[in-house]
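Containing mmCIF, C-alpha atoms (C1' of nucleotides): run-v3.cif.
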```cif
data_upload
#
loop_
_atom_site.label_atom_id
_atom_site.label_comp_id
_atom_site.auth_asym_id
_atom_site.auth_seq_id
_atom_site.Cartn_x
_atom_site.Cartn_y
_atom_site.Cartn_z
CA MET P 75 -24.38 -39.45 -137.92
CA ALA P 76 -24.34 -41.91 -140.78
CA ALA P 77 -21.92 -44.34 -139.14
CA LEU P 78 -24.33 -44.94 -136.27
CA LYS P 79 -27.25 -45.41 -138.64
CA GLU P 80 -25.34 -48.13 -140.48
CA ARG P 81 -24.28 -49.69 -137.24
CA MET P 82 -27.86 -49.85 -136.01
CA ALA P 83 -28.90 -51.40 -139.29
CA GLN P 84 -26.61 -54.33 -138.54
CA PHE P 85 -28.84 -55.18 -135.59
CA ILE P 86 -32.35 -54.04 -136.45
CA SER P 87 -33.94 -52.51 -139.51
CA LEU P 88 -35.44 -49.15 -138.64
CA THR P 89 -37.34 -46.85 -140.93
CA SER P 90 -35.80 -43.44 -141.45
CA GLU P 91 -38.47 -41.97 -139.20
CA GLU P 92 -37.74 -44.47 -136.45
CA TYR P 93 -34.03 -43.86 -136.71
CA ASP P 94 -34.48 -40.10 -136.63
CA TYR P 95 -36.73 -40.42 -133.60
CA PHE P 96 -34.09 -42.57 -131.94
CA TYR P 97 -31.30 -40.21 -132.91
CA GLN P 98 -33.09 -37.22 -131.41
CA GLN P 99 -33.03 -38.91 -128.01
CA LEU P 100 -29.24 -39.11 -128.00
CA THR P 101 -26.97 -36.58 -126.37
CA ILE P 102 -23.67 -36.02 -128.15
CA LYS P 103 -20.73 -35.27 -125.93
CA LYS P 104 -17.09 -34.52 -126.64
CA VAL P 105 -14.66 -35.66 -124.01
CA LYS P 106 -10.97 -34.99 -123.61
CA LYS P 107 -8.34 -37.67 -123.22
CA LYS P 108 -8.14 -39.26 -119.75
CA GLU P 109 -11.54 -38.00 -118.65
CA LYS P 110 -14.12 -40.21 -116.99
CA LEU P 111 -17.57 -41.07 -118.33
CA LEU P 112 -18.37 -42.91 -115.13
CA GLN P 113 -16.84 -43.15 -111.67
CA GLU P 114 -17.06 -45.79 -108.99
CA GLY P 115 -20.03 -45.06 -106.73
CA GLU P 116 -22.04 -43.27 -109.40
CA ILE P 117 -25.14 -44.81 -110.87
CA CYS P 118 -24.73 -45.55 -114.54
CA THR P 119 -27.65 -43.82 -116.22
CA HIS P 120 -26.52 -44.04 -119.84
CA ALA P 121 -25.24 -46.37 -122.49
CA PHE P 122 -22.48 -44.92 -124.64
CA TYR P 123 -21.92 -45.26 -128.33
CA LEU P 124 -18.44 -44.26 -129.43
CA LEU P 125 -18.56 -42.02 -132.48
CA GLU P 126 -14.82 -41.40 -132.26
CA GLY P 127 -12.04 -42.32 -129.92
CA CYS P 128 -11.45 -45.02 -127.41
CA ILE P 129 -12.32 -45.92 -123.81
CA ARG P 130 -11.53 -48.57 -121.26
CA TYR P 131 -13.42 -49.68 -118.20
CA TYR P 132 -11.65 -50.75 -115.06
CA THR P 133 -12.17 -51.48 -111.41
CA VAL P 134 -9.93 -50.58 -108.51
CA VAL P 135 -9.24 -53.27 -105.93
CA GLU P 136 -6.79 -52.68 -103.11
CA GLY P 137 -5.50 -49.58 -104.85
CA GLU P 138 -4.85 -51.44 -108.07
CA GLU P 139 -6.53 -50.88 -111.42
CA HIS P 140 -7.88 -53.87 -113.30
CA THR P 141 -8.81 -53.09 -116.88
CA GLY P 142 -11.81 -55.08 -118.04
CA GLN P 143 -12.07 -54.10 -121.66
CA PHE P 144 -11.25 -51.54 -124.35
CA PHE P 145 -13.76 -50.12 -126.79
CA PHE P 146 -13.24 -48.12 -129.97
CA GLU P 147 -15.37 -46.01 -132.31
CA GLY P 148 -18.35 -48.01 -133.52
CA SER P 149 -18.94 -49.80 -130.20
CA TRP P 150 -21.63 -49.52 -127.56
CA TYR P 151 -20.71 -49.79 -123.91
CA SER P 152 -22.35 -49.35 -120.56
CA ASP P 153 -21.80 -50.70 -117.08
CA TYR P 154 -24.62 -53.20 -117.41
CA ASP P 155 -24.40 -54.08 -113.77
CA SER P 156 -25.20 -50.57 -112.60
CA PHE P 157 -27.24 -49.62 -115.66
CA LEU P 158 -29.63 -52.52 -115.15
CA SER P 159 -29.83 -52.49 -111.37
CA GLN P 160 -29.45 -48.72 -110.93
CA MET P 161 -27.13 -49.43 -108.05
CA PRO P 162 -23.80 -47.62 -107.58
CA SER P 163 -21.21 -48.69 -110.09
CA LYS P 164 -18.02 -50.49 -109.14
CA GLN P 165 -16.21 -49.41 -112.24
CA TYR P 166 -14.68 -46.43 -113.95
CA ILE P 167 -15.11 -45.65 -117.64
CA GLU P 168 -12.28 -43.53 -118.92
CA THR P 169 -11.32 -42.13 -122.30
CA LEU P 170 -7.91 -43.07 -123.65
CA GLU P 171 -8.07 -40.49 -126.42
CA LYS P 172 -10.13 -37.47 -127.29
CA THR P 173 -13.50 -39.13 -127.70
CA LYS P 174 -16.94 -38.29 -129.04
CA VAL P 175 -19.83 -40.27 -127.57
CA ALA P 176 -23.56 -40.53 -128.16
CA MET P 177 -25.32 -41.06 -124.85
CA LEU P 178 -28.55 -43.00 -124.54
CA SER P 179 -30.28 -42.76 -121.18
CA LYS P 180 -31.84 -45.77 -119.49
CA LYS P 181 -35.12 -43.92 -119.38
CA THR P 182 -35.06 -43.32 -123.10
CA LEU P 183 -34.07 -46.89 -123.81
CA GLU P 184 -36.93 -48.25 -121.76
CA HIS P 185 -39.22 -45.86 -123.51
CA LEU P 186 -37.93 -47.17 -126.85
CA TYR P 187 -38.42 -50.76 -125.71
CA THR P 188 -42.15 -50.16 -125.41
CA LYS P 189 -42.67 -47.55 -128.12
CA ILE P 190 -40.68 -49.38 -130.82
CA PRO P 191 -40.62 -53.08 -129.94
CA LYS P 192 -37.75 -53.66 -132.35
CA PHE P 193 -35.58 -52.05 -129.71
CA GLU P 194 -36.35 -54.87 -127.32
CA ARG P 195 -34.68 -57.04 -129.91
CA PHE P 196 -31.81 -54.58 -130.13
CA GLY P 197 -31.37 -54.82 -126.37
CA ARG P 198 -31.32 -58.59 -126.56
CA LEU P 199 -28.77 -58.64 -129.35
CA MET P 200 -26.50 -56.26 -127.47
CA ALA P 201 -26.70 -58.36 -124.32
CA GLU P 202 -25.99 -61.52 -126.29
CA ARG P 203 -22.93 -59.97 -127.88
CA ALA P 204 -21.74 -58.73 -124.53
CA TYR P 205 -22.09 -62.23 -123.13
CA LEU P 206 -20.14 -63.83 -125.94
CA GLY P 207 -17.43 -61.22 -125.52
CA ALA P 208 -17.17 -61.83 -121.80
CA ARG P 209 -16.96 -65.57 -122.32
CA LYS P 210 -14.29 -65.17 -124.93
CA LYS P 211 -12.23 -63.17 -122.49
CA ASN P 212 -12.76 -65.88 -119.87
CA GLU P 213 -11.41 -68.43 -122.28
CA THR P 214 -8.22 -66.56 -123.01
CA LEU P 215 -7.66 -66.07 -119.29
CA THR P 216 -8.10 -69.72 -118.42
CA LEU P 217 -6.60 -71.40 -121.45
CA LEU P 218 -3.66 -69.22 -122.36
CA SER P 219 -0.42 -68.18 -120.70
CA ALA P 220 0.38 -64.49 -120.39
CA GLU P 221 2.54 -64.62 -123.49
CA GLU P 222 -0.15 -66.40 -125.47
CA ARG P 223 -2.74 -63.89 -124.33
CA TYR P 224 -0.55 -61.08 -125.59
CA LEU P 225 0.00 -62.75 -128.96
CA HIS P 226 -3.71 -63.43 -129.18
CA LEU P 227 -4.41 -59.76 -128.53
CA ILE P 228 -1.97 -58.63 -131.21
CA GLN P 229 -3.66 -60.94 -133.65
CA GLN P 230 -7.27 -60.39 -132.71
CA ARG P 231 -7.27 -56.74 -131.74
CA PRO P 232 -4.30 -54.93 -133.25
CA LYS P 233 -5.97 -51.58 -132.55
CA VAL P 234 -5.53 -52.17 -128.86
CA VAL P 235 -1.81 -52.74 -129.19
CA GLU P 236 -1.46 -49.71 -131.45
CA ARG P 237 -3.51 -47.21 -129.52
CA VAL P 238 -3.36 -48.23 -125.87
CA PRO P 239 -0.43 -47.58 -123.47
CA GLN P 240 1.40 -50.69 -122.45
CA HIS P 241 0.62 -50.64 -118.75
CA TYR P 242 -3.12 -50.66 -119.52
CA ILE P 243 -2.58 -53.64 -121.79
CA ALA P 244 -0.74 -55.41 -118.99
CA SER P 245 -3.63 -54.65 -116.67
CA TYR P 246 -6.06 -56.01 -119.25
CA LEU P 247 -4.01 -59.17 -119.71
CA GLY P 248 -3.95 -59.73 -115.96
CA ILE P 249 -0.20 -59.24 -115.55
CA LYS P 250 2.13 -56.52 -114.27
CA PRO P 251 3.98 -54.07 -116.52
CA PRO P 252 7.39 -55.65 -115.85
CA SER P 253 6.04 -59.02 -116.97
CA LEU P 254 4.65 -57.61 -120.20
CA SER P 255 7.92 -55.85 -120.84
CA ARG P 256 9.80 -59.14 -120.47
CA ILE P 257 7.34 -60.94 -122.72
CA ARG P 258 7.86 -58.32 -125.41
CA LYS P 259 11.60 -58.61 -125.06
CA ARG P 260 11.44 -62.38 -125.42
CA LEU P 261 9.26 -62.08 -128.53
CA ALA P 262 11.54 -59.46 -130.07
CA GLN P 263 14.45 -61.88 -129.70
CA ASN P 264 12.28 -64.47 -131.48
CA ARG P 265 12.26 -66.39 -128.20
CA MET A 215 -44.49 -78.03 -113.94
CA ALA A 216 -45.31 -75.36 -111.36
CA ALA A 217 -41.67 -74.59 -110.58
CA LEU A 218 -41.03 -73.48 -114.14
CA LYS A 219 -44.15 -71.35 -114.19
CA GLU A 220 -42.98 -69.50 -111.12
CA ARG A 221 -39.52 -69.15 -112.52
CA MET A 222 -40.86 -67.64 -115.73
CA ALA A 223 -42.97 -65.24 -113.70
CA GLN A 224 -39.75 -63.82 -112.23
CA PHE A 225 -38.85 -62.59 -115.70
CA ILE A 226 -42.07 -61.87 -117.55
CA SER A 227 -45.73 -61.99 -116.59
CA LEU A 228 -47.57 -64.41 -118.81
CA THR A 229 -51.26 -65.19 -118.78
CA SER A 230 -52.15 -68.79 -118.01
CA GLU A 231 -52.99 -69.27 -121.70
CA GLU A 232 -49.65 -67.89 -122.79
CA TYR A 233 -47.78 -70.02 -120.31
CA ASP A 234 -49.68 -73.14 -121.36
CA TYR A 235 -48.94 -72.38 -124.98
CA PHE A 236 -45.28 -71.96 -124.11
CA TYR A 237 -45.24 -75.10 -122.02
CA GLN A 238 -46.69 -77.19 -124.84
CA GLN A 239 -43.69 -76.32 -126.99
CA LEU A 240 -41.26 -77.83 -124.52
CA THR A 241 -39.90 -81.34 -124.74
CA ILE A 242 -39.26 -82.98 -121.39
CA LYS A 243 -36.34 -85.36 -121.25
CA LYS A 244 -34.87 -87.51 -118.51
CA VAL A 245 -31.16 -88.04 -118.66
CA LYS A 246 -28.93 -90.35 -116.67
CA LYS A 247 -25.87 -89.23 -114.76
CA LYS A 248 -22.79 -88.53 -116.91
CA GLU A 249 -24.72 -88.30 -120.17
CA LYS A 250 -24.24 -85.49 -122.65
CA LEU A 251 -26.87 -82.99 -123.73
CA LEU A 252 -24.46 -81.57 -126.30
CA GLN A 253 -21.15 -82.64 -127.79
CA GLU A 254 -18.38 -80.69 -129.46
CA GLY A 255 -19.05 -80.41 -133.17
CA GLU A 256 -22.84 -80.62 -132.83
CA ILE A 257 -25.03 -77.62 -133.47
CA CYS A 258 -26.86 -76.52 -130.35
CA THR A 259 -30.50 -76.44 -131.32
CA HIS A 260 -32.07 -76.12 -127.88
CA ALA A 261 -31.99 -74.19 -124.67
CA PHE A 262 -32.31 -76.32 -121.56
CA TYR A 263 -34.23 -75.64 -118.39
CA LEU A 264 -33.23 -77.88 -115.51
CA LEU A 265 -36.27 -79.26 -113.75
CA GLU A 266 -34.11 -81.54 -111.61
CA GLY A 267 -30.46 -82.37 -111.37
CA CYS A 268 -27.26 -80.69 -112.34
CA ILE A 269 -25.06 -80.13 -115.39
CA ARG A 270 -21.75 -78.60 -116.29
CA TYR A 271 -20.43 -77.31 -119.57
CA TYR A 272 -16.81 -77.71 -120.54
CA THR A 273 -14.43 -77.44 -123.44
CA VAL A 274 -11.56 -79.77 -124.29
CA VAL A 275 -8.26 -78.17 -125.25
CA GLU A 276 -5.18 -80.27 -125.84
CA GLY A 277 -6.88 -83.25 -124.28
CA GLU A 278 -7.74 -81.38 -121.14
CA GLU A 279 -11.22 -80.51 -119.88
CA HIS A 280 -11.95 -76.96 -118.80
CA THR A 281 -15.21 -76.61 -116.92
CA GLY A 282 -16.95 -73.33 -117.64
CA GLN A 283 -19.90 -73.44 -115.31
CA PHE A 284 -22.27 -75.59 -113.25
CA PHE A 285 -26.05 -75.28 -113.36
CA PHE A 286 -28.67 -76.71 -111.03
CA GLU A 287 -32.44 -77.22 -111.08
CA GLY A 288 -34.18 -73.92 -111.75
CA SER A 289 -31.60 -72.66 -114.26
CA TRP A 290 -31.65 -72.16 -118.00
CA TYR A 291 -28.60 -72.98 -120.04
CA SER A 292 -27.61 -73.21 -123.66
CA ASP A 293 -24.42 -72.85 -125.62
CA TYR A 294 -25.28 -69.35 -126.76
CA ASP A 295 -22.37 -69.33 -129.13
CA SER A 296 -23.65 -72.25 -131.17
CA PHE A 297 -27.32 -71.64 -130.40
CA LEU A 298 -27.19 -68.11 -131.80
CA SER A 299 -24.86 -68.71 -134.72
CA GLN A 300 -26.01 -72.27 -135.51
CA MET A 301 -22.38 -73.15 -135.99
CA PRO A 302 -20.82 -76.33 -134.53
CA SER A 303 -20.37 -76.11 -130.79
CA LYS A 304 -17.00 -76.12 -129.10
CA GLN A 305 -18.37 -77.34 -125.82
CA TYR A 306 -19.87 -80.34 -124.11
CA ILE A 307 -22.87 -80.18 -121.82
CA GLU A 308 -22.90 -83.09 -119.41
CA THR A 309 -25.13 -84.16 -116.56
CA LEU A 310 -23.49 -84.63 -113.17
CA GLU A 311 -26.54 -86.34 -111.71
CA LYS A 312 -29.71 -87.92 -112.96
CA THR A 313 -31.32 -84.87 -114.54
CA LYS A 314 -34.69 -83.84 -115.94
CA VAL A 315 -34.65 -81.08 -118.53
CA ALA A 316 -37.21 -79.09 -120.46
CA MET A 317 -35.92 -78.43 -123.96
CA LEU A 318 -36.85 -75.33 -125.92
CA SER A 319 -35.83 -75.34 -129.57
CA LYS A 320 -34.36 -72.30 -131.27
CA LYS A 321 -37.14 -72.47 -133.82
CA THR A 322 -39.79 -72.40 -131.13
CA LEU A 323 -38.06 -69.59 -129.31
CA GLU A 324 -37.90 -67.46 -132.44
CA HIS A 325 -41.52 -68.24 -133.05
CA LEU A 326 -42.30 -67.09 -129.53
CA TYR A 327 -40.29 -63.91 -130.02
CA THR A 328 -42.65 -62.82 -132.77
CA LYS A 329 -45.90 -64.42 -131.59
CA ILE A 330 -45.61 -63.25 -127.96
CA PRO A 331 -43.37 -60.17 -127.89
CA LYS A 332 -42.91 -60.50 -124.16
CA PHE A 333 -40.56 -63.34 -124.99
CA GLU A 334 -38.23 -60.95 -126.75
CA ARG A 335 -37.92 -59.33 -123.34
CA PHE A 336 -37.37 -62.72 -121.76
CA GLY A 337 -34.56 -63.37 -124.21
CA ARG A 338 -33.01 -60.05 -123.37
CA LEU A 339 -33.22 -60.65 -119.63
CA MET A 340 -31.64 -64.08 -119.98
CA ALA A 341 -28.78 -62.70 -122.06
CA GLU A 342 -28.24 -59.88 -119.56
CA ARG A 343 -28.08 -62.34 -116.69
CA ALA A 344 -25.70 -64.54 -118.61
CA TYR A 345 -23.46 -61.56 -119.26
CA LEU A 346 -23.38 -60.50 -115.62
CA GLY A 347 -22.58 -64.09 -114.62
CA ALA A 348 -19.73 -64.32 -117.10
CA ARG A 349 -18.29 -61.04 -115.92
CA LYS A 350 -18.52 -62.11 -112.31
CA LYS A 351 -16.54 -65.22 -113.13
CA ASN A 352 -13.96 -63.08 -114.91
CA GLU A 353 -13.58 -61.01 -111.78
CA THR A 354 -12.92 -63.95 -109.52
CA LEU A 355 -10.37 -65.28 -111.99
CA THR A 356 -8.46 -62.03 -112.25
CA LEU A 357 -8.77 -60.69 -108.73
CA LEU A 358 -8.52 -63.76 -106.53
CA SER A 359 -5.91 -66.39 -105.82
CA ALA A 360 -6.82 -70.05 -106.24
CA GLU A 361 -7.46 -70.39 -102.51
CA GLU A 362 -9.63 -67.27 -102.47
CA ARG A 363 -11.57 -68.51 -105.47
CA TYR A 364 -12.27 -71.77 -103.65
CA LEU A 365 -13.41 -69.97 -100.49
CA HIS A 366 -15.55 -67.69 -102.61
CA LEU A 367 -17.16 -70.70 -104.24
CA ILE A 368 -17.90 -72.33 -100.88
CA GLN A 369 -19.52 -69.12 -99.73
CA GLN A 370 -21.38 -68.15 -102.88
CA ARG A 371 -22.36 -71.52 -104.27
CA PRO A 372 -22.30 -74.19 -101.57
CA LYS A 373 -24.35 -76.49 -103.80
CA VAL A 374 -21.39 -76.82 -106.14
CA VAL A 375 -19.07 -77.92 -103.36
CA GLU A 376 -21.67 -80.35 -102.02
CA ARG A 377 -22.78 -81.95 -105.24
CA VAL A 378 -19.86 -81.76 -107.65
CA PRO A 379 -16.78 -84.08 -107.65
CA GLN A 380 -13.61 -82.33 -106.63
CA HIS A 381 -11.70 -82.64 -109.88
CA TYR A 382 -14.48 -80.83 -111.74
CA ILE A 383 -14.33 -78.06 -109.15
CA ALA A 384 -10.58 -77.81 -109.69
CA SER A 385 -11.18 -77.59 -113.42
CA TYR A 386 -13.77 -74.85 -112.84
CA LEU A 387 -11.41 -72.90 -110.60
CA GLY A 388 -8.69 -73.10 -113.20
CA ILE A 389 -6.32 -75.26 -111.17
CA LYS A 390 -5.25 -78.92 -111.13
CA PRO A 391 -6.66 -81.51 -108.72
CA PRO A 392 -3.41 -81.77 -106.72
CA SER A 393 -3.49 -78.02 -106.13
CA LEU A 394 -7.07 -78.07 -104.91
CA SER A 395 -6.25 -80.97 -102.64
CA ARG A 396 -3.40 -78.99 -101.07
CA ILE A 397 -5.58 -75.91 -100.67
CA ARG A 398 -8.19 -77.99 -98.84
CA LYS A 399 -5.54 -79.48 -96.62
CA ARG A 400 -4.18 -76.05 -95.76
CA LEU A 401 -7.66 -74.77 -94.93
CA ALA A 402 -8.46 -77.82 -92.79
CA GLN A 403 -5.30 -77.32 -90.72
CA ASN A 404 -4.96 -73.56 -90.40
CA ARG A 405 -8.51 -72.92 -89.22
"C1'" DC X 246 -13.48 -109.31 -106.14
"C1'" DG X 247 -10.70 -106.59 -109.05
"C1'" DC X 248 -10.29 -102.62 -111.78
"C1'" DG X 249 -10.54 -97.93 -112.81
"C1'" DA X 250 -11.58 -93.40 -111.25
"C1'" DC X 251 -10.62 -90.24 -107.72
"C1'" DG X 252 -8.06 -87.90 -104.23
"C1'" DT X 253 -3.70 -87.24 -101.66
"C1'" DT X 254 1.08 -86.45 -101.03
"C1'" DG X 255 6.17 -85.57 -102.05
"C1'" DA X 256 9.88 -83.53 -104.92
"C1'" DT X 257 10.97 -80.45 -108.32
"C1'" DT X 258 10.15 -76.85 -111.85
"C1'" DT X 259 8.31 -72.72 -113.69
"C1'" DG X 260 5.81 -68.48 -114.73
"C1'" DC X 261 4.72 -64.44 -112.94
"C1'" DC X 262 5.20 -61.25 -108.89
"C1'" DT X 263 7.68 -58.14 -105.82
"C1'" DC X 264 10.92 -54.79 -104.85
"C1'" DA X 265 14.11 -51.73 -106.50
"C1'" DA X 266 16.76 -48.95 -109.48
"C1'" DC X 267 17.24 -46.54 -113.63
"C1'" DG X 268 16.64 -44.55 -118.52
"C1'" DA X 269 13.55 -42.42 -121.73
"C1'" DT X 270 9.74 -39.73 -122.86
"C1'" DT X 271 6.13 -36.46 -121.93
"C1'" DG X 272 4.27 -32.62 -119.93
"C1'" DT X 273 4.39 -28.32 -117.30
"C1'" DG X 274 5.41 -23.97 -115.13
"C1'" DG X 275 8.65 -20.28 -114.85
"C1'" DC L 31 12.02 -22.31 -124.58
"C1'" DC L 32 14.25 -24.58 -121.09
"C1'" DA L 33 14.44 -27.16 -116.56
"C1'" DC L 34 12.48 -30.18 -113.87
"C1'" DA L 35 8.95 -33.48 -112.46
"C1'" DA L 36 6.06 -37.07 -113.40
"C1'" DT L 37 4.92 -40.94 -116.02
"C1'" DC L 38 6.14 -44.89 -118.49
"C1'" DG L 39 8.83 -48.75 -119.81
"C1'" DT L 40 12.94 -51.72 -118.87
"C1'" DT L 41 15.94 -54.57 -116.29
"C1'" DG L 42 17.91 -57.36 -112.33
"C1'" DA L 43 17.53 -60.31 -108.10
"C1'" DG L 44 14.89 -63.08 -105.38
"C1'" DG L 45 10.37 -65.25 -103.90
"C1'" DC L 46 6.13 -67.85 -104.17
"C1'" DA L 47 1.97 -70.15 -105.85
"C1'" DA L 48 0.63 -73.49 -108.78
"C1'" DA L 49 2.20 -76.88 -112.35
"C1'" DT L 50 4.39 -81.12 -113.29
"C1'" DC L 51 5.68 -85.77 -112.62
"C1'" DA L 52 5.12 -89.66 -110.06
"C1'" DA L 53 3.67 -92.82 -106.58
"C1'" DC L 54 0.20 -94.54 -103.67
"C1'" DG L 55 -4.23 -95.26 -100.94
"C1'" DT L 56 -9.23 -95.60 -101.26
"C1'" DC L 57 -13.62 -96.07 -102.86
"C1'" DG L 58 -17.44 -97.40 -105.88
"C1'" DC L 59 -18.99 -100.23 -109.34
"C1'" DG L 60 -19.37 -103.80 -112.90
#
```

Write-out of the structure in structure tokens:
Amino acid sequence: MAALKERMAQFISLTSEEYDYFYQQLTIKKVKKKEKLLQEGEICTHAFYLLEGCIRYYTVVEGEEHTGQFFFEGSWYSDYDSFLSQMPSKQYIETLEKTKVAMLSKKTLEHLYTKIPKFERFGRLMAERAYLGARKKNETLTLLSAEERYLHLIQQRPKVVERVPQHYIASYLGIKPPSLSRIRKRLAQNR
Amino acid sequence: MAALKERMAQFISLTSEEYDYFYQQLTIKKVKKKEKLLQEGEICTHAFYLLEGCIRYYTVVEGEEHTGQFFFEGSWYSDYDSFLSQMPSKQYIETLEKTKVAMLSKKTLEHLYTKIPKFERFGRLMAERAYLGARKKNETLTLLSAEERYLHLIQQRPKVVERVPQHYIASYLGIKPPSLSRIRKRLAQNR
DNA sequence: CGCGACGTTGATTTGCCTCAACGATTGTGG
DNA sequence: CCACAATCGTTGAGGCAAATCAACGTCGCG
């Protein structure tokens, strides 16, 4: 899959042999819309690269879903918490569309870390990106009002607004569907 | 400094020679209370290990400080955003007490990454920890009320409540000092 | 000692939630 | 292919937690 090869090249430069070796370790999986790649209580054994489609991760607290993030084709995602500690996950990973993923097992990754040290660097870069992303989300939550967060999302991540149902967006923004609906109404009336 | 040696050993196992080599690259600095290790607009060239004391990082938006996190002796901290990109920082790092830091420059760290590959692993582990910490803070912000966040802080990080002035705690919790004062009053009365 | 920083308290406002009802759209089984 | 159910989004009324604005007491420090 050429797209993945190019994506990897943005992080580390692998020879064709190294890339092929890496690629052989991956398991490709096609998943229908609304299916789960991970459930609460399971141990997260894989990292996922999205070849096509779209996922979200969320947690359930007191019967309520809280969407943490959305990911689209070209992104890596894993429940780091469970993946690193190999303890039961607290989150769900769910497809929002028909999705094709490349799965990289923890075992394989650790094998790569030692066999091809460049992958240790890859792991670091991924973790650093994840951290910056998490902090950015923190900032929007603490600095912006619900309406501002929604405008920010439209501007920064139009794909989300286009491809994700509204109640998941509300959940991601930390508000309830009625509130998002009212915000949209207000914006449509130019305030 | 033995404490740092032990701390490093929790992440990677270095020989005494490797550790000594590493330690030689550090610059030790003593800083008074309320001084800044980094200012907005500066490029963050170092990571800081706290040998003694306590810092916070914060951003200023529309004249208002927003405290992101507190760190105590035994922790590493750097503005990853600026440190990684070498772009001007958006944050301040400020001591809350008389503080002693070991400074590790980006240049040295990158040198270590290649010279002692174990450090690449160290870098990855630090980034992973940072990510998990950021996500945990996200969770408390989205799932808990202000009062619950304060109780959570008392329980999870008593040092913060003991050593940090109240208005910085309010800023960290995402509320205003009058609100925190009322929360404390309520808690003191009701049980 | 006097000033500024910090914390408290009261009155009022506001942004988002809750509960509830309802319309529109999607999906499904007969 | 239609009928009905379920899901999703909208809207209204009322409530509440935290913000805002403002005043005041207290403490630490120069």

(Q) What would the selection look like, as a list in words, if the PyMOL selection byres ((chain P) within 10 of (chain L)) were run on the coordinates I just shared? (A) Pro239, Gln240, His241, Pro251, Pro252, Leu254, Ser255, Arg256 and Lys259 of chain P

One decimal place gives the atom CA of Lys172 of chain P-atom CA of Ile129 of chain P separation as 9.4 Å

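Atom pair atom CA of Tyr246 of chain P / atom C1' of DG268 of chain X has a distance of 25.4 Å (rounded to one decimal).
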
Compare P:Leu218, P:Ala77, P:Leu125, P:Cys118 by their minimum atom-to-atom distance to chain A, counting all atoms listed in the file, and give me the closest one.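 Among the listed residues, the smallest separation from chain A belongs to P:Leu218.
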
Problem - Ground truth for the PyMOL selection byres ((chain X and resi 248-263) around 7), written as JSON, numbers by chain - result: {"P": [253], "A": [395], "X": [247, 264]}

Would you save the residues of that selection, restricted to C-alpha atoms (C1' of nucleotides), as a short mmCIF file (atom, residue, chain, number, x, y, z; two decimals), in the coordinates of the input?
```cif
data_model
loop_
_atom_site.label_atom_id
_atom_site.label_comp_id
_atom_site.auth_asym_id
_atom_site.auth_seq_id
_atom_site.Cartn_x
_atom_site.Cartn_y
_atom_site.Cartn_z
CA SER P 253 6.04 -59.02 -116.97
CA SER A 395 -6.25 -80.97 -102.64
"C1'" DG X 247 -10.70 -106.59 -109.05
"C1'" DC X 264 10.92 -54.79 -104.85
#
```

Return as a compact mmCIF listing (two decimals) with C-alpha atoms, in the frame of the given file the set of residues that the PyMOL selection byres ((chain P) within 9 of (chain A)) yields on the displayed structure.
```
# COMPACT_ATOMS: atom_id res chain seq x y z
CA VAL P 135 -9.24 -53.27 -105.93
CA HIS P 140 -7.88 -53.87 -113.30
CA GLY P 142 -11.81 -55.08 -118.04
CA TYR P 154 -24.62 -53.20 -117.41
CA ASP P 155 -24.40 -54.08 -113.77
CA LEU P 158 -29.63 -52.52 -115.15
CA TYR P 187 -38.42 -50.76 -125.71
CA PRO P 191 -40.62 -53.08 -129.94
CA GLU P 194 -36.35 -54.87 -127.32
CA ARG P 195 -34.68 -57.04 -129.91
CA PHE P 196 -31.81 -54.58 -130.13
CA GLY P 197 -31.37 -54.82 -126.37
CA ARG P 198 -31.32 -58.59 -126.56
CA LEU P 199 -28.77 -58.64 -129.35
CA MET P 200 -26.50 -56.26 -127.47
CA ALA P 201 -26.70 -58.36 -124.32
CA GLU P 202 -25.99 -61.52 -126.29
CA ARG P 203 -22.93 -59.97 -127.88
CA ALA P 204 -21.74 -58.73 -124.53
CA TYR P 205 -22.09 -62.23 -123.13
CA LEU P 206 -20.14 -63.83 -125.94
CA GLY P 207 -17.43 -61.22 -125.52
CA ALA P 208 -17.17 -61.83 -121.80
CA ARG P 209 -16.96 -65.57 -122.32
CA LYS P 211 -12.23 -63.17 -122.49
CA ASN P 212 -12.76 -65.88 -119.87
CA GLU P 213 -11.41 -68.43 -122.28
CA LEU P 215 -7.66 -66.07 -119.29
CA THR P 216 -8.10 -69.72 -118.42
CA LEU P 217 -6.60 -71.40 -121.45
CA GLY P 248 -3.95 -59.73 -115.96
```

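Atom pair atom CA of Val238 of chain P / atom CA of Phe146 of chain P has a distance of 10.7 Å (rounded to one decimal).
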
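Of the listed residues P:Ala220, P:Leu261, P:Leu227, P:Ala244, the one whose atoms come nearest to chain X is P:Ala220, with distances taken using only C-alpha atoms (C1' of nucleotides).
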
Find the residues with any atom within 10 Å of (-32.1, -41.7, -131.4); use all atoms listed in the file and the coordinates as given in the file, and write the answer as number ranges by chain.
-> P: 78-79, 92-101, 176-178, 182-183, 186

Just write the chosen residues, C-alpha atoms, as a compact mmCIF listing (two decimals), in the coordinates of the input.
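Result saved to part_23.txt:
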```txt
# COMPACT_ATOMS: atom_id res chain seq x y z
CA LEU P 78 -24.33 -44.94 -136.27
CA LYS P 79 -27.25 -45.41 -138.64
CA GLU P 92 -37.74 -44.47 -136.45
CA TYR P 93 -34.03 -43.86 -136.71
CA ASP P 94 -34.48 -40.10 -136.63
CA TYR P 95 -36.73 -40.42 -133.60
CA PHE P 96 -34.09 -42.57 -131.94
CA TYR P 97 -31.30 -40.21 -132.91
CA GLN P 98 -33.09 -37.22 -131.41
CA GLN P 99 -33.03 -38.91 -128.01
CA LEU P 100 -29.24 -39.11 -128.00
CA THR P 101 -26.97 -36.58 -126.37
CA ALA P 176 -23.56 -40.53 -128.16
CA MET P 177 -25.32 -41.06 -124.85
CA LEU P 178 -28.55 -43.00 -124.54
CA THR P 182 -35.06 -43.32 -123.10
CA LEU P 183 -34.07 -46.89 -123.81
CA LEU P 186 -37.93 -47.17 -126.85
```
